[in-house]
file my_file34.csv (CSV, C-alpha atoms)
chain,number,residue,atom,x,y,z
A,1,MET,CA,30.2,85.4,-28.9
A,2,THR,CA,27.6,84.5,-31.5
A,3,THR,CA,24.0,84.1,-30.7
A,4,GLN,CA,22.5,80.9,-32.1
A,5,ASP,CA,20.1,81.3,-34.9
A,6,PRO,CA,16.6,80.9,-33.2
A,7,VAL,CA,15.3,78.8,-36.1
A,8,SER,CA,18.1,76.2,-35.8
A,9,ALA,CA,17.9,76.3,-32.0
A,10,GLN,CA,14.3,75.4,-32.3
A,11,ALA,CA,15.1,72.6,-34.8
A,12,ALA,CA,17.8,71.3,-32.5
A,13,LEU,CA,15.5,71.2,-29.5
A,14,GLU,CA,12.8,69.4,-31.6
A,15,GLN,CA,15.4,66.7,-32.6
A,16,GLU,CA,16.5,66.4,-29.0
A,17,ILE,CA,12.9,65.9,-27.8
A,18,ALA,CA,12.1,63.4,-30.6
A,19,GLN,CA,15.2,61.4,-29.4
A,20,LEU,CA,14.0,61.7,-25.8
A,21,ILE,CA,10.6,60.3,-26.8
A,22,ILE,CA,12.2,57.4,-28.6
A,23,ASP,CA,14.6,56.5,-25.8
A,24,THR,CA,12.1,57.0,-23.0
A,25,LEU,CA,9.3,55.1,-24.5
A,26,ASN,CA,11.5,52.3,-26.1
A,27,LEU,CA,10.4,53.1,-29.7
A,28,GLU,CA,13.4,51.2,-31.0
A,29,HIS,CA,11.8,50.8,-34.4
A,30,LEU,CA,11.9,54.5,-35.1
A,31,THR,CA,14.6,57.1,-35.8
A,32,VAL,CA,14.4,60.9,-35.1
A,33,ALA,CA,13.9,61.4,-38.9
A,34,GLU,CA,10.8,59.3,-38.8
A,35,VAL,CA,9.1,61.3,-36.2
A,36,ALA,CA,7.7,64.4,-38.0
A,37,VAL,CA,7.6,67.4,-35.8
A,38,ASP,CA,3.9,68.0,-36.6
A,39,GLN,CA,2.8,64.4,-36.3
A,40,PRO,CA,0.2,63.9,-33.5
A,41,LEU,CA,2.0,61.9,-30.7
A,42,PHE,CA,-1.1,60.3,-29.3
A,43,GLY,CA,-4.0,58.3,-30.8
A,44,ASP,CA,-3.8,57.8,-34.6
A,45,GLY,CA,-0.5,59.6,-35.0
A,46,LEU,CA,2.5,57.9,-33.3
A,47,GLY,CA,0.2,55.8,-31.3
A,48,LEU,CA,1.2,56.8,-27.7
A,49,ASP,CA,-1.2,56.3,-24.8
A,50,SER,CA,-1.9,57.8,-21.4
A,51,VAL,CA,0.9,55.9,-19.6
A,52,ASP,CA,3.3,57.2,-22.2
A,53,ALA,CA,2.1,60.7,-21.4
A,54,LEU,CA,3.0,60.3,-17.8
A,55,GLU,CA,6.3,58.7,-18.6
A,56,LEU,CA,7.2,61.5,-21.1
A,57,ALA,CA,6.2,64.2,-18.6
A,58,LEU,CA,8.5,62.7,-16.0
A,59,ALA,CA,11.4,62.5,-18.6
A,60,LEU,CA,10.9,66.1,-19.7
A,61,GLN,CA,10.9,67.3,-16.1
A,62,LYS,CA,14.1,65.4,-15.3
A,63,HIS,CA,15.9,66.3,-18.5
A,64,TYR,CA,15.0,70.0,-18.7
A,65,ALA,CA,14.5,70.7,-15.0
A,66,ILE,CA,11.0,72.2,-15.7
A,67,ARG,CA,7.7,71.8,-14.0
A,68,ILE,CA,4.7,70.4,-15.7
A,69,ASP,CA,1.3,71.2,-14.1
A,70,SER,CA,-1.4,68.6,-14.0
A,71,ASP,CA,-3.7,70.9,-15.9
A,72,VAL,CA,-5.1,68.3,-18.3
A,73,LYS,CA,-6.4,70.7,-20.9
A,74,ALA,CA,-3.2,72.7,-21.2
A,75,SER,CA,-1.1,69.5,-21.2
A,76,ARG,CA,-3.1,68.0,-24.0
A,77,LYS,CA,-2.2,71.1,-26.1
A,78,HIS,CA,1.5,71.0,-25.1
A,79,PHE,CA,1.8,67.3,-25.7
A,80,ALA,CA,0.2,67.3,-29.1
A,81,THR,CA,3.3,67.1,-31.3
A,82,VAL,CA,7.1,67.3,-31.0
A,83,ALA,CA,6.9,70.9,-32.2
A,84,SER,CA,4.4,71.9,-29.5
A,85,LEU,CA,6.5,70.2,-26.9
A,86,ALA,CA,9.6,72.0,-28.0
A,87,ALA,CA,7.7,75.3,-27.8
A,88,PHE,CA,6.5,74.4,-24.4
A,89,VAL,CA,9.9,73.4,-23.1
A,90,GLN,CA,11.4,76.6,-24.5
A,91,GLU,CA,8.7,78.7,-22.8
A,92,GLN,CA,9.2,76.9,-19.4
A,93,ARG,CA,12.9,77.3,-19.6
A,94,SER,CA,12.6,81.1,-20.2
A,95,ALA,CA,10.1,81.3,-17.4
A,96,CYS,CA,12.6,79.6,-15.1
A,97,GLY,CA,15.1,82.3,-16.0
A,98,ASP,CA,17.2,80.1,-18.3
B,1,MET,CA,-3.8,12.8,-6.5
B,2,ILE,CA,-4.3,14.8,-9.7
B,3,ALA,CA,-3.8,13.7,-13.3
B,4,PHE,CA,-3.6,15.6,-16.5
B,5,ARG,CA,-2.3,15.3,-20.0
B,6,VAL,CA,0.6,17.3,-21.3
B,7,GLU,CA,-0.7,18.1,-24.8
B,8,GLU,CA,2.1,20.3,-26.0
B,9,TRP,CA,5.1,22.2,-24.6
B,10,ARG,CA,7.6,24.9,-25.5
B,11,ALA,CA,10.6,26.2,-23.6
B,12,TRP,CA,13.2,28.9,-23.9
B,13,ALA,CA,16.5,29.4,-22.2
B,14,PRO,CA,19.6,31.3,-23.4
B,15,GLY,CA,20.8,29.4,-26.5
B,16,VAL,CA,18.2,26.6,-26.1
B,17,ALA,CA,14.8,27.0,-27.8
B,18,THR,CA,14.1,24.3,-30.3
B,19,GLU,CA,12.9,20.8,-29.5
B,20,GLN,CA,16.2,19.4,-30.7
B,21,GLU,CA,18.1,21.8,-28.5
B,22,TRP,CA,16.0,20.8,-25.5
B,23,GLN,CA,16.5,17.1,-26.2
B,24,ALA,CA,20.2,17.6,-26.1
B,25,TRP,CA,19.9,19.5,-22.8
B,26,ALA,CA,17.7,16.8,-21.4
B,27,ARG,CA,20.3,14.1,-22.2
B,28,SER,CA,23.1,16.1,-20.5
B,29,PRO,CA,21.7,18.9,-18.4
B,30,CYS,CA,24.1,21.7,-17.8
B,31,VAL,CA,24.1,25.3,-16.6
B,32,LEU,CA,23.6,27.5,-19.7
B,33,PRO,CA,25.6,30.7,-19.9
B,34,ASP,CA,23.2,33.6,-19.5
B,35,HIS,CA,24.3,36.8,-21.3
B,36,GLN,CA,21.0,38.6,-21.0
B,37,GLN,CA,19.9,37.2,-24.4
B,38,GLN,CA,16.1,37.5,-24.9
B,39,PRO,CA,13.6,36.3,-27.5
B,40,GLU,CA,12.9,39.0,-30.1
B,41,CYS,CA,9.2,38.4,-30.3
B,42,LEU,CA,9.2,39.8,-33.8
B,43,SER,CA,5.6,38.5,-34.4
B,44,LEU,CA,4.4,41.2,-32.1
B,45,PRO,CA,4.0,44.8,-33.5
B,46,PRO,CA,6.8,47.1,-32.2
B,47,MET,CA,4.4,49.3,-30.3
B,48,GLN,CA,3.2,46.3,-28.3
B,49,ARG,CA,6.6,44.8,-27.9
B,50,ARG,CA,8.3,47.9,-26.4
B,51,ARG,CA,6.9,47.4,-22.9
B,52,LEU,CA,7.7,43.7,-22.5
B,53,SER,CA,10.5,43.0,-20.1
B,54,ARG,CA,12.9,40.1,-20.7
B,55,LEU,CA,10.7,37.9,-18.5
B,56,ALA,CA,7.6,38.9,-20.4
B,57,ARG,CA,9.3,38.3,-23.8
B,58,MET,CA,10.3,34.8,-22.6
B,59,THR,CA,6.7,34.2,-21.5
B,60,MET,CA,5.2,35.4,-24.8
B,61,GLU,CA,7.7,33.4,-26.8
B,62,VAL,CA,6.8,30.0,-25.2
B,63,ALA,CA,3.1,30.6,-24.6
B,64,SER,CA,2.2,32.0,-28.1
B,65,PRO,CA,2.6,28.9,-30.2
B,66,LEU,CA,0.5,26.9,-27.8
B,67,CYS,CA,-2.6,29.0,-28.1
B,68,GLY,CA,-4.5,29.3,-31.5
B,69,ASP,CA,-5.6,32.7,-32.7
B,70,ASP,CA,-9.2,31.8,-32.3
B,71,GLU,CA,-8.8,30.0,-29.0
B,72,GLN,CA,-9.5,31.2,-25.4
B,73,LEU,CA,-7.4,29.4,-22.8
B,74,PRO,CA,-7.3,29.9,-19.1
B,75,PHE,CA,-3.8,31.1,-18.2
B,76,VAL,CA,-1.5,30.3,-15.2
B,77,PHE,CA,1.6,32.4,-14.8
B,78,ALA,CA,4.0,31.1,-12.2
B,79,SER,CA,7.3,32.6,-11.1
B,80,ARG,CA,8.9,32.4,-7.7
B,81,HIS,CA,10.9,35.6,-8.0
B,82,GLY,CA,9.1,37.5,-10.7
B,83,GLU,CA,10.4,40.8,-12.2
B,84,THR,CA,13.5,41.1,-10.0
B,85,THR,CA,15.3,43.3,-12.5
B,86,ARG,CA,12.4,45.8,-12.8
B,87,THR,CA,11.7,45.9,-9.0
B,88,PHE,CA,15.4,46.3,-8.2
B,89,ASN,CA,15.6,49.3,-10.4
B,90,LEU,CA,12.5,50.8,-8.8
B,91,LEU,CA,14.0,50.2,-5.4
B,92,GLY,CA,17.1,52.0,-6.5
B,93,ASP,CA,14.9,55.0,-7.5
B,94,VAL,CA,13.1,54.9,-4.2
B,95,ALA,CA,16.5,54.8,-2.3
B,96,GLY,CA,17.8,57.7,-4.5
B,97,GLU,CA,14.5,59.7,-3.9
B,98,GLN,CA,13.9,59.8,-7.6
B,99,PRO,CA,10.4,59.8,-9.1
B,100,LEU,CA,9.3,56.3,-10.2
B,101,SER,CA,8.6,55.5,-13.8
B,102,PRO,CA,4.9,55.0,-14.2
B,103,THR,CA,5.5,52.2,-16.7
B,104,HIS,CA,7.9,50.3,-14.5
B,105,PHE,CA,5.7,50.8,-11.4
B,106,GLY,CA,2.6,49.7,-13.2
B,107,LEU,CA,4.3,46.6,-14.6
B,108,SER,CA,6.0,45.5,-11.4
B,109,VAL,CA,3.1,43.6,-10.0
B,110,HIS,CA,3.2,39.9,-10.2
B,111,ASN,CA,0.2,39.5,-12.5
B,112,ALA,CA,1.4,42.2,-15.0
B,113,ILE,CA,2.8,39.6,-17.5
B,114,ALA,CA,-0.5,37.6,-17.3
B,115,GLY,CA,-2.2,41.0,-18.1
B,116,GLN,CA,0.1,41.6,-21.0
B,117,TRP,CA,-0.6,38.1,-22.4
B,118,SER,CA,-4.3,38.9,-22.1
B,119,LEU,CA,-4.0,42.2,-23.9
B,120,LEU,CA,-1.7,41.1,-26.6
B,121,ARG,CA,-3.5,37.9,-27.4
B,122,GLY,CA,-7.1,39.1,-26.8
B,123,GLN,CA,-7.5,36.4,-24.0
B,124,ARG,CA,-10.6,37.2,-21.9
B,125,GLY,CA,-10.8,34.2,-19.7
B,126,GLU,CA,-9.4,33.4,-16.3
B,127,SER,CA,-5.8,34.1,-15.6
B,128,VAL,CA,-3.9,33.6,-12.4
B,129,ALA,CA,-0.4,34.6,-11.3
B,130,ILE,CA,1.2,32.6,-8.5
B,131,ALA,CA,4.5,32.6,-6.6
B,132,GLY,CA,5.6,29.8,-4.4
B,133,GLU,CA,8.8,28.4,-3.1
B,134,ALA,CA,11.2,26.1,-5.0
B,135,ASP,CA,8.2,24.0,-5.8
B,136,THR,CA,6.3,26.8,-7.5
B,137,PHE,CA,6.1,24.5,-10.6
B,138,GLU,CA,4.1,21.9,-8.8
B,139,HIS,CA,1.8,24.6,-7.3
B,140,ALA,CA,1.2,25.9,-10.8
B,141,MET,CA,0.3,22.4,-11.9
B,142,LEU,CA,-2.2,22.2,-9.0
B,143,GLU,CA,-3.7,25.5,-10.0
B,144,ALA,CA,-4.0,24.3,-13.7
B,145,SER,CA,-5.7,21.1,-12.5
B,146,THR,CA,-8.3,23.1,-10.6
B,147,LEU,CA,-9.1,25.0,-13.8
B,148,LEU,CA,-9.4,21.7,-15.7
B,149,ALA,CA,-11.6,20.3,-12.9
B,150,ALA,CA,-13.8,23.5,-13.2
B,151,GLY,CA,-14.5,22.6,-16.8
B,152,ALA,CA,-11.7,24.0,-19.0
B,153,SER,CA,-10.8,21.6,-21.8
B,154,SER,CA,-7.2,22.9,-21.8
B,155,VAL,CA,-5.1,25.2,-19.7
B,156,LEU,CA,-2.0,27.1,-20.6
B,157,ALA,CA,0.6,27.3,-17.8
B,158,VAL,CA,3.9,29.2,-18.0
B,159,ILE,CA,6.7,28.9,-15.4
B,160,ALA,CA,9.3,31.6,-15.9
B,161,GLU,CA,12.3,32.8,-14.0
B,162,GLU,CA,15.0,35.3,-14.8
B,163,VAL,CA,18.5,35.4,-13.3
B,164,PRO,CA,18.2,38.3,-10.8
B,165,PRO,CA,20.5,41.3,-10.5
B,166,ASP,CA,23.9,40.6,-8.8
B,167,ALA,CA,22.7,42.1,-5.5
B,168,TYR,CA,20.6,39.0,-5.0
B,169,ASN,CA,23.7,36.7,-5.2
B,170,GLY,CA,23.6,34.4,-2.2
B,171,TRP,CA,19.9,35.1,-1.6
B,172,ILE,CA,18.4,33.6,-4.8
B,173,THR,CA,20.1,30.3,-5.5
B,174,ASP,CA,17.5,28.4,-7.5
B,175,VAL,CA,17.8,30.1,-10.9
B,176,PRO,CA,20.9,28.7,-12.6
B,177,PHE,CA,19.9,30.5,-15.8
B,178,SER,CA,16.9,32.3,-17.1
B,179,TYR,CA,14.2,30.0,-18.5
B,180,ALA,CA,10.5,29.8,-19.4
B,181,VAL,CA,8.5,26.6,-19.8
B,182,ALA,CA,5.0,26.6,-21.3
B,183,LEU,CA,2.8,23.5,-20.9
B,184,ARG,CA,-0.6,23.1,-22.6
B,185,LEU,CA,-2.5,20.8,-20.2
B,186,GLY,CA,-5.6,18.8,-20.9
B,187,ARG,CA,-7.9,16.6,-18.9
B,188,ALA,CA,-6.6,13.0,-18.4
B,189,ASP,CA,-9.9,11.5,-19.6
B,190,ALA,CA,-9.9,13.5,-22.9
B,191,ALA,CA,-9.2,11.8,-26.2
B,192,THR,CA,-6.4,14.1,-27.2
B,193,PRO,CA,-2.8,13.2,-27.8
B,194,GLY,CA,-0.2,13.7,-25.1
B,195,THR,CA,1.4,12.1,-22.1
B,196,ILE,CA,-0.6,11.6,-18.9
B,197,TRP,CA,1.1,12.4,-15.7
B,198,GLN,CA,-0.1,11.8,-12.1
B,199,LEU,CA,1.0,14.1,-9.3
B,200,ASP,CA,0.8,13.2,-5.6
B,201,LEU,CA,1.8,15.2,-2.6
B,202,ASP,CA,3.3,13.3,0.4
B,203,ARG,CA,4.8,14.5,3.6
B,204,GLN,CA,8.5,14.7,3.4
B,205,ASP,CA,10.1,13.4,6.6
B,206,GLY,CA,13.4,12.0,5.5
B,207,ASP,CA,16.3,13.8,3.9
B,208,THR,CA,15.6,13.7,0.2
B,209,PRO,CA,18.0,16.1,-1.4
B,210,PRO,CA,16.6,19.0,-3.3
B,211,CYS,CA,16.4,18.6,-7.1
B,212,PRO,CA,19.6,20.0,-8.7
B,213,TRP,CA,17.5,21.7,-11.4
B,214,PRO,CA,14.5,23.9,-11.3
B,215,HIS,CA,11.5,21.6,-11.0
B,216,ALA,CA,10.0,22.7,-14.3
B,217,LEU,CA,13.2,22.0,-16.2
B,218,ASP,CA,13.6,18.7,-14.5
B,219,PHE,CA,10.1,17.8,-15.5
B,220,LEU,CA,10.9,18.8,-19.1
B,221,ARG,CA,13.9,16.6,-18.9
B,222,ALA,CA,11.7,13.7,-17.8
B,223,LEU,CA,9.2,14.4,-20.5
B,224,GLN,CA,11.8,14.0,-23.2
B,225,THR,CA,13.8,11.1,-21.8
B,226,SER,CA,10.7,8.9,-21.2
B,227,THR,CA,11.6,8.9,-17.5
B,228,PRO,CA,8.6,7.2,-15.7
B,229,THR,CA,8.8,8.8,-12.3
B,230,LEU,CA,10.2,11.9,-10.6
B,231,GLN,CA,10.4,13.0,-7.0
B,232,HIS,CA,10.7,16.6,-6.1
B,233,ALA,CA,11.2,17.4,-2.4
B,234,TRP,CA,11.0,20.8,-0.8
B,235,LYS,CA,10.9,21.4,3.0
B,236,LYS,CA,8.0,19.2,4.3
B,237,ARG,CA,6.5,18.5,0.8
B,238,ARG,CA,7.4,15.6,-1.4
B,239,TRP,CA,5.9,15.7,-4.9
B,240,GLN,CA,5.7,12.4,-6.7
B,241,TRP,CA,5.3,12.4,-10.4
B,242,GLN,CA,4.3,9.4,-12.3
B,243,ARG,CA,3.8,8.9,-16.1
B,244,THR,CA,0.8,6.6,-16.8
call {"tool": "encode", "arguments": {"input": "my_file34.csv", "output": "structure tokens"}}
result
Amino acid sequence: MTTQDPVSAQAALEQEIAQLIIDTLNLEHLTVAEVAVDQPLFGDGLGLDSVDALELALALQKHYAIRIDSDVKASRKHFATVASLAAFVQEQRSACGD
Amino acid sequence: MIAFRVEEWRAWAPGVATEQEWQAWARSPCVLPDHQQQPECLSLPPMQRRRLSRLARMTMEVASPLCGDDEQLPFVFASRHGETTRTFNLLGDVAGEQPLSPTHFGLSVHNAIAGQWSLLRGQRGESVAIAGEADTFEHAMLEASTLLAAGASSVLAVIAEEVPPDAYNGWITDVPFSYAVALRLGRADAATPGTIWQLDLDRQDGDTPPCPWPHALDFLRALQTSTPTLQHAWKKRRWQWQRT
């Protein structure tokens, strides 16, 4: 059995999350390729707002069976970009014994 | 008795959107096949468009051309059944003990579309959302008249209904197809172009049959075919329309 290269696993997770963002938030005008992993999701970046944050948290919890605390400061950091979200999801999955 | 001027109108239904198409429908009204088509609303930026439901898109489509970019108009949104598709999905989530989507929950209230109109078009004036029975249209006209009487020079009223999910078959019988009608109404005494209509409410004692079409669409039909009078009966109410 081969272990997946951690770099490509990370990239795959990022793509998956970008697609989840597009599908969940009806960003029908965008493709995964157009959402840079380090682009800010909120405010001046992609332009998401606070309702999107709630919606996205719900989708991530459903999709990855993880828990997201309502710690605003930590969440702000985790939800900054696709890359930070992917790192957060990875960390939560490991914590849940994935 | 109330009276007002119909300054302008727009309407949308599946496959029927232009004035010519509505004239053809008015001459021979028929049930339009509803395949979930919806206006694209391409004039709105994608980030604003993405939260609009089908009913909201229909509303924006008909209301937008009747309000200038530099104009503030009181807004009446009227729908008997409202966002049945959205609320039915939410009820499904409740039944399945699933968490509710904050977006869908937030936009499931009856005045959400009026709120989106206000946000998207920078409208800061009065807006009201009403739901009545099969004569919701006449109640919307009454509401608009009160706004005119309170001093507004024009009022924008939208009557919108969407064909509900199948589960409502047999319960909701007055939406033959999805439609939205926008009327820009002005005071009867103003010197603006348009047709003046009088609306009276009488007590309905006899057995006047209900109108075969939604009242707003029947009014649209009358508007285009120069019909001088209309009678819309519902329960104990008989609404008498007269062109003057």
call {"tool": "interface_residues", "arguments": {"input": "my_file34.csv", "of": "chain A", "to": "chain B", "cutoff": "12 Å", "atoms": "only C-alpha atoms", "output": "PyMOL selection string"}}
result
chain A and resi 22-30+46-59+61-62
call {"tool": "atom_distance", "arguments": {"input": "my_file34.csv", "atom1": "CA of Ala134 in chain B", "atom2": "CA of Leu185 in chain B"}}
result
21.1 Å
call {"tool": "residues_around", "arguments": {"input": "my_file34.csv", "residues": "Ala80 in chain A", "least_positions_apart": "3", "cutoff": "6 Å", "atoms": "all atoms listed in the file", "output": "list of chain:residue names"}}
result
A:Pro40, A:Leu41, A:Lys77
call {"tool": "closest_residue", "arguments": {"input": "my_file34.csv", "among": "B:Thr225, B:Leu32, B:Trp239, B:Phe219", "to": "Arg203 in chain B", "atoms": "all atoms listed in the file"}}
result
B:Trp239
call {"tool": "residues_around", "arguments": {"input": "my_file34.csv", "residues": "Val6 in chain B", "least_positions_apart": "6", "cutoff": "7 Å", "atoms": "all atoms listed in the file", "output": "list in words"}}
result
Leu183, Arg184, Leu185, Gly186, Gly194, Thr195 and Ile196 of chain B
call {"tool": "atom_distance", "arguments": {"input": "my_file34.csv", "atom1": "CA of Leu223 in chain B", "atom2": "CA of Met1 in chain B"}}
result
19.2 Å
call {"tool": "atom_distance", "arguments": {"input": "my_file34.csv", "atom1": "CA of Ala56 in chain B", "atom2": "CA of Asp44 in chain A"}}
result
26.2 Å
call {"tool": "closest_residue", "arguments": {"input": "my_file34.csv", "among": "B:Glu21, B:Glu61, B:Asp200, B:Asp207", "to": "His139 in chain B", "atoms": "all atoms listed in the file"}}
result
B:Asp200
call {"tool": "residues_around", "arguments": {"input": "my_file34.csv", "residues": "Ile2 in chain B", "least_positions_apart": "3", "cutoff": "10 Å", "atoms": "all atoms listed in the file", "output": "MDAnalysis selection string"}}
result
chainID B and resid 141:142 145:146 149 188 197:201 241
call {"tool": "decode", "arguments": {"input": "my_file34.csv", "residues": "range 161-170 of chain B", "atoms": "all heavy atoms", "output": "PDB file, in the first residue's frame"}}
result
ATOM      1  N   GLU B 161     -45.945  34.894  -7.412  1.00  0.00           N
ATOM      2  CA  GLU B 161     -46.257  33.556  -6.907  1.00  0.00           C
ATOM      3  C   GLU B 161     -45.415  32.529  -7.664  1.00  0.00           C
ATOM      4  O   GLU B 161     -45.223  32.657  -8.873  1.00  0.00           O
ATOM      5  CB  GLU B 161     -47.732  33.196  -7.113  1.00  0.00           C
ATOM      6  CG  GLU B 161     -48.731  34.070  -6.396  1.00  0.00           C
ATOM      7  CD  GLU B 161     -48.780  33.904  -4.868  1.00  0.00           C
ATOM      8  OE1 GLU B 161     -48.080  33.012  -4.323  1.00  0.00           O
ATOM      9  OE2 GLU B 161     -49.498  34.692  -4.237  1.00  0.00           O
ATOM     10  N   GLU B 162     -44.971  31.536  -6.926  1.00  0.00           N
ATOM     11  CA  GLU B 162     -44.224  30.451  -7.550  1.00  0.00           C
ATOM     12  C   GLU B 162     -45.016  29.150  -7.402  1.00  0.00           C
ATOM     13  O   GLU B 162     -45.618  28.909  -6.346  1.00  0.00           O
ATOM     14  CB  GLU B 162     -42.865  30.293  -6.866  1.00  0.00           C
ATOM     15  CG  GLU B 162     -42.002  29.242  -7.510  1.00  0.00           C
ATOM     16  CD  GLU B 162     -40.737  28.947  -6.720  1.00  0.00           C
ATOM     17  OE1 GLU B 162     -40.594  29.418  -5.578  1.00  0.00           O
ATOM     18  OE2 GLU B 162     -39.889  28.209  -7.243  1.00  0.00           O
ATOM     19  N   VAL B 163     -45.010  28.318  -8.434  1.00  0.00           N
ATOM     20  CA  VAL B 163     -45.645  27.002  -8.314  1.00  0.00           C
ATOM     21  C   VAL B 163     -44.951  26.272  -7.161  1.00  0.00           C
ATOM     22  O   VAL B 163     -43.726  26.161  -7.145  1.00  0.00           O
ATOM     23  CB  VAL B 163     -45.507  26.212  -9.632  1.00  0.00           C
ATOM     24  CG1 VAL B 163     -45.914  24.759  -9.438  1.00  0.00           C
ATOM     25  CG2 VAL B 163     -46.373  26.857 -10.708  1.00  0.00           C
ATOM     26  N   PRO B 164     -45.721  25.812  -6.175  1.00  0.00           N
ATOM     27  CA  PRO B 164     -45.093  25.191  -4.994  1.00  0.00           C
ATOM     28  C   PRO B 164     -44.624  23.774  -5.263  1.00  0.00           C
ATOM     29  O   PRO B 164     -44.978  23.185  -6.286  1.00  0.00           O
ATOM     30  CB  PRO B 164     -46.237  25.205  -3.973  1.00  0.00           C
ATOM     31  CG  PRO B 164     -47.480  25.151  -4.795  1.00  0.00           C
ATOM     32  CD  PRO B 164     -47.181  25.857  -6.095  1.00  0.00           C
ATOM     33  N   PRO B 165     -43.834  23.206  -4.331  1.00  0.00           N
ATOM     34  CA  PRO B 165     -43.406  21.801  -4.480  1.00  0.00           C
ATOM     35  C   PRO B 165     -44.625  20.870  -4.566  1.00  0.00           C
ATOM     36  O   PRO B 165     -45.706  21.207  -4.084  1.00  0.00           O
ATOM     37  CB  PRO B 165     -42.620  21.537  -3.193  1.00  0.00           C
ATOM     38  CG  PRO B 165     -42.186  22.874  -2.714  1.00  0.00           C
ATOM     39  CD  PRO B 165     -43.242  23.834  -3.137  1.00  0.00           C
ATOM     40  N   ASP B 166     -44.422  19.689  -5.156  1.00  0.00           N
ATOM     41  CA  ASP B 166     -45.512  18.737  -5.384  1.00  0.00           C
ATOM     42  C   ASP B 166     -46.315  18.397  -4.129  1.00  0.00           C
ATOM     43  O   ASP B 166     -47.502  18.094  -4.215  1.00  0.00           O
ATOM     44  CB  ASP B 166     -44.953  17.426  -5.967  1.00  0.00           C
ATOM     45  CG  ASP B 166     -44.478  17.614  -7.402  1.00  0.00           C
ATOM     46  OD1 ASP B 166     -44.846  18.643  -8.010  1.00  0.00           O
ATOM     47  OD2 ASP B 166     -43.731  16.743  -7.900  1.00  0.00           O
ATOM     48  N   ALA B 167     -45.647  18.445  -2.977  1.00  0.00           N
ATOM     49  CA  ALA B 167     -46.339  18.075  -1.736  1.00  0.00           C
ATOM     50  C   ALA B 167     -47.564  18.950  -1.485  1.00  0.00           C
ATOM     51  O   ALA B 167     -48.463  18.578  -0.742  1.00  0.00           O
ATOM     52  CB  ALA B 167     -45.378  18.182  -0.552  1.00  0.00           C
ATOM     53  N   TYR B 168     -47.610  20.119  -2.107  1.00  0.00           N
ATOM     54  CA  TYR B 168     -48.731  21.038  -1.898  1.00  0.00           C
ATOM     55  C   TYR B 168     -49.878  20.809  -2.890  1.00  0.00           C
ATOM     56  O   TYR B 168     -50.877  21.509  -2.842  1.00  0.00           O
ATOM     57  CB  TYR B 168     -48.265  22.497  -1.987  1.00  0.00           C
ATOM     58  CG  TYR B 168     -47.343  22.914  -0.867  1.00  0.00           C
ATOM     59  CD1 TYR B 168     -45.968  22.760  -0.979  1.00  0.00           C
ATOM     60  CD2 TYR B 168     -47.847  23.481   0.306  1.00  0.00           C
ATOM     61  CE1 TYR B 168     -45.109  23.144   0.036  1.00  0.00           C
ATOM     62  CE2 TYR B 168     -47.004  23.870   1.332  1.00  0.00           C
ATOM     63  CZ  TYR B 168     -45.631  23.692   1.189  1.00  0.00           C
ATOM     64  OH  TYR B 168     -44.790  24.073   2.201  1.00  0.00           O
ATOM     65  N   ASN B 169     -49.698  19.827  -3.796  1.00  0.00           N
ATOM     66  CA  ASN B 169     -50.762  19.540  -4.763  1.00  0.00           C
ATOM     67  C   ASN B 169     -52.062  19.264  -4.027  1.00  0.00           C
ATOM     68  O   ASN B 169     -52.102  18.484  -3.091  1.00  0.00           O
ATOM     69  CB  ASN B 169     -50.406  18.311  -5.619  1.00  0.00           C
ATOM     70  CG  ASN B 169     -49.380  18.661  -6.682  1.00  0.00           C
ATOM     71  OD1 ASN B 169     -49.120  19.839  -6.920  1.00  0.00           O
ATOM     72  ND2 ASN B 169     -48.792  17.656  -7.311  1.00  0.00           N
ATOM     73  N   GLY B 170     -53.125  19.908  -4.473  1.00  0.00           N
ATOM     74  CA  GLY B 170     -54.413  19.706  -3.827  1.00  0.00           C
ATOM     75  C   GLY B 170     -54.650  20.693  -2.700  1.00  0.00           C
ATOM     76  O   GLY B 170     -55.779  20.879  -2.254  1.00  0.00           O
TER      77      GLY B 170
END
